[in-house]
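Colleague: Structure below; questions to follow.
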Amino acid sequence: MEADLVVRAQGGDRQAFELIATRVGDRFGGVAFNILRDRHLAEDATQRALLAIWRDLPRLRDPARFEAWSHRLLVR
């Protein structure tokens, strides 16, 4: 993920966050499905993770670490 896109989203740029969500959404869905083995639960987990990312994104200290940080939120 490009750090400048993450920084824009951290500042409240909804379009930047929409781009992020679009880019990570399918991958998150796949990871969630591999863990949960249920499509509906995986979709719910993905949505919850994206909401947590939006809520907690301003606290991310290093935008270059977005991938690892967001993955941890999903897995939790």
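Ligands are numbered from 1 in the order shown, chains are lettered A, B, ... in the order of the structure tokens, and residues start at 1 in each chain.
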According to DSSP computed on the backbone, where in chain A is there alpha helix (DSSP H)? Give the residues as a ChimeraX atom specification.
Modeller: /A:3-10,14-36,39-56,66-75
Colleague: Between A:Asp13, A:Leu57, A:Glu2, A:Leu50, which residue has the minimum interatomic distance to Asp26 of chain A, considering only C-alpha atoms?
Modeller: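 Result for the nearest residue to Asp26 of chain A: A:Leu50.
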